[in-house]
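Below is input-v8.tsv, which holds TSV, C-alpha atoms.
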chain	number	residue	atom	x	y	z
H	30	MET	CA	26.54	7.13	-7.00
H	31	LEU	CA	28.13	6.75	-10.44
H	32	VAL	CA	26.78	9.51	-12.69
H	33	ILE	CA	26.88	8.99	-16.45
H	34	ARG	CA	25.29	11.01	-19.22
H	35	ARG	CA	23.95	9.02	-22.18
H	36	ARG	CA	21.93	9.75	-25.30
H	37	ALA	CA	19.15	7.73	-26.87
H	38	GLY	CA	20.63	4.65	-28.47
H	39	GLU	CA	23.47	4.41	-25.96
H	40	ALA	CA	23.74	1.82	-23.18
H	41	LEU	CA	25.26	0.85	-19.83
H	42	VAL	CA	26.53	-2.52	-18.66
H	43	ILE	CA	26.41	-3.55	-15.00
H	44	GLY	CA	28.61	-6.51	-14.08
H	45	ASP	CA	28.62	-9.07	-16.87
H	46	ASP	CA	24.93	-9.78	-17.10
H	47	ILE	CA	22.93	-6.56	-16.88
H	48	GLU	CA	22.49	-4.08	-19.70
H	49	ILE	CA	20.47	-0.87	-19.69
H	50	GLU	CA	19.78	0.86	-22.99
H	51	ILE	CA	18.35	4.35	-23.41
H	52	LEU	CA	15.69	3.67	-26.03
H	53	GLU	CA	14.08	7.05	-26.30
H	54	THR	CA	14.09	10.43	-24.63
H	55	ALA	CA	10.93	12.49	-24.87
H	56	GLY	CA	10.37	15.65	-22.87
H	57	SER	CA	10.99	14.91	-19.19
H	58	SER	CA	10.82	11.13	-19.42
H	59	VAL	CA	13.20	8.45	-20.61
H	60	LYS	CA	12.35	5.04	-22.08
H	61	LEU	CA	14.79	2.41	-20.85
H	62	GLY	CA	15.33	-1.14	-22.05
H	63	ILE	CA	16.76	-3.56	-19.48
H	64	ARG	CA	18.37	-6.91	-20.20
H	65	ALA	CA	19.01	-8.96	-17.08
H	66	PRO	CA	18.88	-12.63	-16.08
H	67	LYS	CA	15.41	-13.74	-14.94
H	68	SER	CA	16.92	-14.37	-11.52
H	69	ILE	CA	17.44	-10.65	-11.02
H	70	PRO	CA	14.17	-8.80	-10.50
H	71	VAL	CA	13.88	-5.33	-11.99
H	72	ALA	CA	11.28	-2.96	-10.64
H	73	ARG	CA	10.42	0.68	-10.56
H	74	LYS	CA	12.04	1.95	-7.37
H	75	GLU	CA	8.81	2.99	-5.69
H	76	ILE	CA	7.32	-0.48	-6.28
H	77	HIS	CA	10.41	-2.04	-4.70
H	78	VAL	CA	10.16	0.31	-1.71
H	79	VAL	CA	6.47	-0.44	-1.25
H	80	GLY	CA	7.06	-4.18	-1.58
H	81	ARG	CA	9.59	-3.99	1.26
H	82	GLN	CA	7.27	-1.81	3.32
H	83	ASN	CA	4.42	-4.29	2.80
H	84	GLN	CA	6.65	-7.08	4.12
H	85	ALA	CA	7.22	-4.99	7.25
H	86	ALA	CA	3.50	-4.25	7.51
H	87	ALA	CA	2.70	-7.96	7.25
H	88	GLY	CA	4.88	-8.69	10.27
H	89	THR	CA	3.92	-8.65	13.91
H	90	ILE	CA	2.35	-5.49	15.23
H	91	SER	CA	2.46	-5.30	19.01
H	92	PRO	CA	-0.85	-4.87	20.83
H	93	LEU	CA	0.79	-2.02	22.76
H	94	ALA	CA	1.51	-0.12	19.54
H	95	VAL	CA	-2.14	-0.57	18.52
H	96	GLU	CA	-3.38	0.65	21.92
H	97	ASN	CA	-1.06	3.69	21.75
H	98	LEU	CA	-2.41	4.53	18.30
H	99	LEU	CA	-6.04	4.16	19.42
H	100	ASP	CA	-5.35	6.44	22.40
H	101	GLN	CA	-3.84	8.98	20.05
H	102	LEU	CA	-6.81	8.84	17.67
H	103	LYS	CA	-9.31	9.27	20.48
H	104	SER	CA	-7.50	12.19	22.07
H	105	PRO	CA	-9.83	15.24	22.04
H	106	SER	CA	-7.07	17.49	20.74
H	107	LEU	CA	-7.04	15.49	17.51
H	108	ARG	CA	-10.74	15.68	16.77
H	109	PRO	CA	-11.15	16.31	13.03
H	110	ILE	CA	-12.31	19.77	12.01
H	111	SER	CA	-15.26	18.20	10.18
H	112	ALA	CA	-16.78	17.19	13.53
H	113	LEU	CA	-17.33	20.82	14.50
Y	4	MET	CA	-21.35	-18.12	4.64
Y	5	PRO	CA	-17.84	-19.09	3.65
Y	6	ILE	CA	-15.24	-19.48	6.38
Y	7	ALA	CA	-11.61	-18.42	6.17
Y	8	ILE	CA	-8.94	-19.98	8.34
Y	9	THR	CA	-6.90	-17.18	9.87
Y	10	LYS	CA	-4.12	-16.99	12.42
Y	11	ARG	CA	-5.33	-13.74	13.97
Y	12	PHE	CA	-9.06	-14.38	14.12
Y	13	GLY	CA	-9.28	-18.17	14.06
Y	14	ASP	CA	-12.06	-19.44	11.78
Y	15	LEU	CA	-13.57	-16.32	10.26
Y	16	GLU	CA	-17.04	-16.33	8.76
Y	17	TYR	CA	-17.44	-13.69	6.07
Y	18	GLU	CA	-19.92	-12.56	3.44
Y	19	GLU	CA	-18.74	-13.43	-0.07
Y	20	THR	CA	-19.90	-9.96	-1.19
Y	21	ALA	CA	-17.53	-8.42	1.38
Y	22	ALA	CA	-14.48	-10.13	-0.13
Y	23	ILE	CA	-12.04	-7.64	-1.67
Y	24	GLN	CA	-10.28	-8.69	-4.86
Y	25	PHE	CA	-6.86	-7.39	-5.85
Y	26	PRO	CA	-6.51	-8.42	-9.53
Y	27	THR	CA	-2.84	-7.38	-9.51
Y	28	GLY	CA	-2.04	-8.48	-5.95
Y	29	LEU	CA	0.07	-6.12	-3.82
Y	30	PRO	CA	3.77	-5.26	-4.23
Y	31	GLY	CA	5.69	-8.01	-2.44
Y	32	PHE	CA	2.54	-10.17	-2.47
Y	33	ASP	CA	1.83	-10.41	-6.19
Y	34	ASN	CA	0.03	-13.72	-5.87
Y	35	ARG	CA	-2.36	-12.69	-3.10
Y	36	HIS	CA	-5.65	-11.58	-4.64
Y	37	ARG	CA	-8.43	-12.06	-2.08
Y	38	PHE	CA	-8.84	-10.30	1.24
Y	39	VAL	CA	-11.56	-9.28	3.65
Y	40	LEU	CA	-11.68	-6.22	5.91
Y	41	VAL	CA	-12.18	-7.18	9.54
Y	42	GLU	CA	-13.48	-4.42	11.74
Y	43	GLU	CA	-13.85	-4.68	15.50
Y	44	PRO	CA	-15.82	-1.77	17.07
Y	45	ARG	CA	-13.16	-1.45	19.77
Y	46	LEU	CA	-10.47	-0.85	17.15
Y	47	ALA	CA	-12.32	1.67	14.95
Y	48	PRO	CA	-11.14	3.40	12.76
Y	49	LEU	CA	-8.44	0.72	12.41
Y	50	ALA	CA	-9.31	-2.43	10.49
Y	51	PHE	CA	-7.44	-5.57	9.52
Y	52	LEU	CA	-7.08	-6.50	5.86
Y	53	GLN	CA	-7.02	-10.29	6.22
Y	54	SER	CA	-5.90	-12.56	3.40
Y	55	LEU	CA	-8.41	-15.24	2.44
Y	56	GLU	CA	-5.57	-17.24	0.89
Y	57	SER	CA	-2.82	-17.08	3.56
Y	58	PRO	CA	-4.02	-17.59	7.15
Y	59	GLU	CA	-1.03	-15.77	8.64
Y	60	LEU	CA	-1.22	-12.71	6.35
Y	61	SER	CA	-3.04	-9.65	7.57
Y	62	PHE	CA	-2.38	-5.94	7.42
Y	63	LEU	CA	-3.49	-3.33	9.94
Y	64	THR	CA	-5.08	-0.40	8.10
Y	65	VAL	CA	-6.37	3.08	8.81
Y	66	PRO	CA	-8.35	5.35	6.44
Y	67	VAL	CA	-5.90	7.83	4.90
Y	68	HIS	CA	-8.04	10.82	5.92
Y	69	VAL	CA	-7.71	9.86	9.57
Y	70	VAL	CA	-3.94	10.20	9.20
Y	71	ASP	CA	-4.07	13.34	7.05
Y	72	ALA	CA	-7.42	15.04	6.59
Y	73	SER	CA	-6.13	16.96	3.57
Y	74	TYR	CA	-4.67	13.90	1.79
Y	75	GLU	CA	-4.96	14.11	-1.98
Y	76	LEU	CA	-5.03	10.79	-3.76
Y	77	ALA	CA	-2.83	10.39	-6.85
Y	78	ILE	CA	-3.68	7.28	-8.84
Y	79	SER	CA	-2.49	6.21	-12.28
Y	80	GLU	CA	-4.77	5.56	-15.26
Y	81	GLN	CA	-3.72	1.93	-15.10
Y	82	ASP	CA	-4.72	1.60	-11.44
Y	83	LEU	CA	-8.05	3.34	-12.10
Y	84	GLU	CA	-8.66	0.84	-14.88
Y	85	THR	CA	-7.81	-2.05	-12.55
Y	86	ILE	CA	-10.55	-1.00	-10.14
Y	87	GLY	CA	-12.93	0.19	-12.89
Y	88	MET	CA	-13.36	3.73	-11.60
Y	89	ASP	CA	-12.82	7.28	-12.75
Y	90	LEU	CA	-10.83	9.91	-10.90
Y	91	ALA	CA	-13.87	11.72	-9.49
Y	92	SER	CA	-15.84	8.84	-7.97
Y	93	GLU	CA	-15.54	8.25	-4.27
Y	94	LYS	CA	-13.09	5.53	-3.28
Y	95	LEU	CA	-12.22	3.87	0.00
Y	96	CYS	CA	-8.54	4.65	0.67
Y	97	LEU	CA	-6.69	2.80	3.39
Y	98	ALA	CA	-3.08	3.15	4.52
Y	99	LEU	CA	-1.22	0.04	5.64
Y	100	LEU	CA	0.45	0.42	9.05
Y	101	ALA	CA	3.86	-0.96	9.93
Y	102	PRO	CA	6.06	-0.78	13.01
Y	103	ALA	CA	9.01	1.62	12.82
Y	104	GLU	CA	12.29	0.86	14.58
Y	105	ASN	CA	11.12	2.69	17.70
Y	106	GLY	CA	8.08	0.39	17.86
Y	107	ARG	CA	5.58	3.10	16.96
Y	108	LEU	CA	3.41	2.67	13.91
Y	109	THR	CA	3.85	4.43	10.59
Y	110	ALA	CA	1.34	4.73	7.75
Y	111	ASN	CA	2.16	4.11	4.10
Y	112	LEU	CA	0.73	7.24	2.44
Y	113	LEU	CA	2.87	6.67	-0.63
Y	114	ALA	CA	0.84	3.63	-1.61
Y	115	PRO	CA	-2.70	3.53	-0.22
Y	116	VAL	CA	-4.97	0.58	-0.85
Y	117	VAL	CA	-7.78	1.98	-3.00
Y	118	ILE	CA	-11.05	0.06	-3.02
Y	119	ASN	CA	-14.01	0.40	-5.40
Y	120	PRO	CA	-16.86	0.57	-2.88
Y	121	MET	CA	-19.40	-0.88	-5.34
Y	122	THR	CA	-17.47	-3.86	-6.70
Y	123	ARG	CA	-14.90	-4.35	-3.89
Y	124	VAL	CA	-12.14	-4.50	-6.50
Y	125	ALA	CA	-8.95	-2.95	-5.15
Y	126	VAL	CA	-5.40	-1.95	-5.98
Y	127	GLN	CA	-2.48	-0.64	-3.97
Y	128	ALA	CA	-1.93	2.61	-5.84
Y	129	VAL	CA	1.77	3.45	-5.66
Y	130	ARG	CA	2.43	7.13	-6.27
Y	131	SER	CA	5.26	8.18	-8.52
Y	132	ASP	CA	5.67	11.53	-6.77
Y	133	THR	CA	7.41	12.11	-3.44
Y	134	ARG	CA	4.70	14.18	-1.85
Y	135	TYR	CA	3.85	11.58	0.81
Y	136	SER	CA	5.96	9.09	2.73
Y	137	HIS	CA	5.76	5.31	2.81
Y	138	GLN	CA	6.54	5.66	6.52
Y	139	HIS	CA	4.42	8.57	7.68
Y	140	ALA	CA	4.97	8.93	11.43
Y	141	LEU	CA	1.67	8.82	13.25
Y	142	GLU	CA	2.80	11.35	15.85
Y	143	ASP	CA	2.03	13.77	13.05
Y	144	ILE	CA	-1.66	12.94	12.66
Y	145	CYS	CA	-3.18	16.05	11.10
Y	146	SER	CA	-6.79	16.79	11.77
Write the structure described by the file as structure tokens, please.
Amino acid sequence: MLVIRRRAGEALVIGDDIEIEILETAGSSVKLGIRAPKSIPVARKEIHVVGRQNQAAAGTISPLAVENLLDQLKSPSLRPISAL
Amino acid sequence: MPIAITKRFGDLEYEETAAIQFPTGLPGFDNRHRFVLVEEPRLAPLAFLQSLESPELSFLTVPVHVVDASYELAISEQDLETIGMDLASEKLCLALLAPAENGRLTANLLAPVVINPMTRVAVQAVRSDTRYSHQHALEDICS
């Protein structure tokens, strides 16, 4: 990972087409401005991670995996405390 | 009753009032706004979140508290506004399940689907903390 320290008002350039500017620093958060071609999506990292995970979740889930999970959920040793 | 064409369930009859609307879609599926929860008694507490717009799109879900009884929901102001609820009111929270490389299922506790039980408006509330995993191994079901 390339580590760079910048102040508000300073910027980074990635390749020829992507620019990130530090617009404002306030307390523990940073306001960033990003200039990139429309063809390059920019997302908060956790949104990107969840988008990928959703793609995986939308794929085939084997009936065996479902049966294994149902067995696990019905196992007496896993009965929720609230049932007592 | 309206009928949805689905790959998993064939032609699915559903109550319009049961349809779940995602005004902002889901990450990776931004243009998918309408779903219905399909529950088969045999599969309880699992349920399928079936798209009413894409026949082949469905997610297997489990209530988050079945995976982790002490789960604490973190949801942004923006997401609360999307579903028209306040922090205190009771919400239906479902984790989407996905297969891990070893074939076993993992639950996305980082981004539960949160449903307003009165209006059926929903959002996938992505946490900005790292307290829970997007691939929570289900061997670790905590009761």
Find the distance between atom CA of Y:Pro58 and atom CA of Y:Pro102 and write it in Å to one decimal.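 Between atom CA of Y:Pro58 and atom CA of Y:Pro102 the gap is 20.5 Å.
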Near stretch 122-141 of chain Y, 6 Å: stretch 10-114 of chain Y residue rows, closest pairs, only C-alpha atoms, as CSV:
residue,atom,partner,partner_atom,distance
Y:Ile23,CA,Y:Arg123,CA,4.9
Y:Gln24,CA,Y:Val124,CA,4.9
Y:Phe25,CA,Y:Ala125,CA,5.0
Y:Ile78,CA,Y:Ala128,CA,5.8
Y:Ile86,CA,Y:Val124,CA,5.3
Y:Thr109,CA,Y:Ala140,CA,4.7
Y:Ala110,CA,Y:His139,CA,4.9
Y:Asn111,CA,Y:His137,CA,4.0
Y:Leu112,CA,Y:His137,CA,5.4
Y:Leu113,CA,Y:His137,CA,4.7
Y:Ala114,CA,Y:Val129,CA,4.2
Selection from above, C-alpha atoms, as an mmCIF file, in the coordinates of the input, can you write it?
data_model
loop_
_atom_site.group_PDB
_atom_site.id
_atom_site.type_symbol
_atom_site.label_atom_id
_atom_site.label_comp_id
_atom_site.auth_asym_id
_atom_site.auth_seq_id
_atom_site.Cartn_x
_atom_site.Cartn_y
_atom_site.Cartn_z
ATOM 1 C CA ILE Y 23 -12.040 -7.640 -1.670
ATOM 2 C CA GLN Y 24 -10.280 -8.690 -4.860
ATOM 3 C CA PHE Y 25 -6.860 -7.390 -5.850
ATOM 4 C CA ILE Y 78 -3.680 7.280 -8.840
ATOM 5 C CA ILE Y 86 -10.550 -1.000 -10.140
ATOM 6 C CA THR Y 109 3.850 4.430 10.590
ATOM 7 C CA ALA Y 110 1.340 4.730 7.750
ATOM 8 C CA ASN Y 111 2.160 4.110 4.100
ATOM 9 C CA LEU Y 112 0.730 7.240 2.440
ATOM 10 C CA LEU Y 113 2.870 6.670 -0.630
ATOM 11 C CA ALA Y 114 0.840 3.630 -1.610
#
Residue list for chain H near chain Y as a PDB file with C-alpha atoms, in the coordinates of the input, 8 Å, only C-alpha atoms:
ATOM      1  CA  GLU H  75       8.810   2.990  -5.690  1.00  0.00           C
ATOM      2  CA  ILE H  76       7.320  -0.480  -6.280  1.00  0.00           C
ATOM      3  CA  HIS H  77      10.410  -2.040  -4.700  1.00  0.00           C
ATOM      4  CA  VAL H  79       6.470  -0.440  -1.250  1.00  0.00           C
ATOM      5  CA  GLY H  80       7.060  -4.180  -1.580  1.00  0.00           C
ATOM      6  CA  ARG H  81       9.590  -3.990   1.260  1.00  0.00           C
ATOM      7  CA  GLN H  82       7.270  -1.810   3.320  1.00  0.00           C
ATOM      8  CA  ASN H  83       4.420  -4.290   2.800  1.00  0.00           C
ATOM      9  CA  GLN H  84       6.650  -7.080   4.120  1.00  0.00           C
ATOM     10  CA  ALA H  85       7.220  -4.990   7.250  1.00  0.00           C
ATOM     11  CA  ALA H  86       3.500  -4.250   7.510  1.00  0.00           C
ATOM     12  CA  ALA H  87       2.700  -7.960   7.250  1.00  0.00           C
ATOM     13  CA  GLY H  88       4.880  -8.690  10.270  1.00  0.00           C
ATOM     14  CA  ILE H  90       2.350  -5.490  15.230  1.00  0.00           C
ATOM     15  CA  ALA H  94       1.510  -0.120  19.540  1.00  0.00           C
ATOM     16  CA  VAL H  95      -2.140  -0.570  18.520  1.00  0.00           C
ATOM     17  CA  LEU H  98      -2.410   4.530  18.300  1.00  0.00           C
ATOM     18  CA  LEU H  99      -6.040   4.160  19.420  1.00  0.00           C
ATOM     19  CA  LEU H 107      -7.040  15.490  17.510  1.00  0.00           C
ATOM     20  CA  ARG H 108     -10.740  15.680  16.770  1.00  0.00           C
ATOM     21  CA  PRO H 109     -11.150  16.310  13.030  1.00  0.00           C
ATOM     22  CA  ILE H 110     -12.310  19.770  12.010  1.00  0.00           C
TER      23      ILE H 110
END
Residue nearest Y:Lys10 - candidates Y:Val116, Y:Arg35, Y:Thr27, Y:Ser57, atoms counted: all atoms listed in the file: Y:Ser57
Computed interatomic separation between atom CA of H:Gly62 and atom CA of Y:Ala77 (Å): 26.3 Å
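Polymer residues near (24.8, 1.5, -23.6): counting all atoms listed in the file with a cut-off of 12 Å, they are Ile33, Arg34, Arg35, Arg36, Ala37, Gly38, Glu39, Ala40, Leu41, Val42, Ile43, Ile47, Glu48, Ile49, Glu50, Ile51, Leu52, Leu61, Gly62, Ile63 and Arg64 of chain H.
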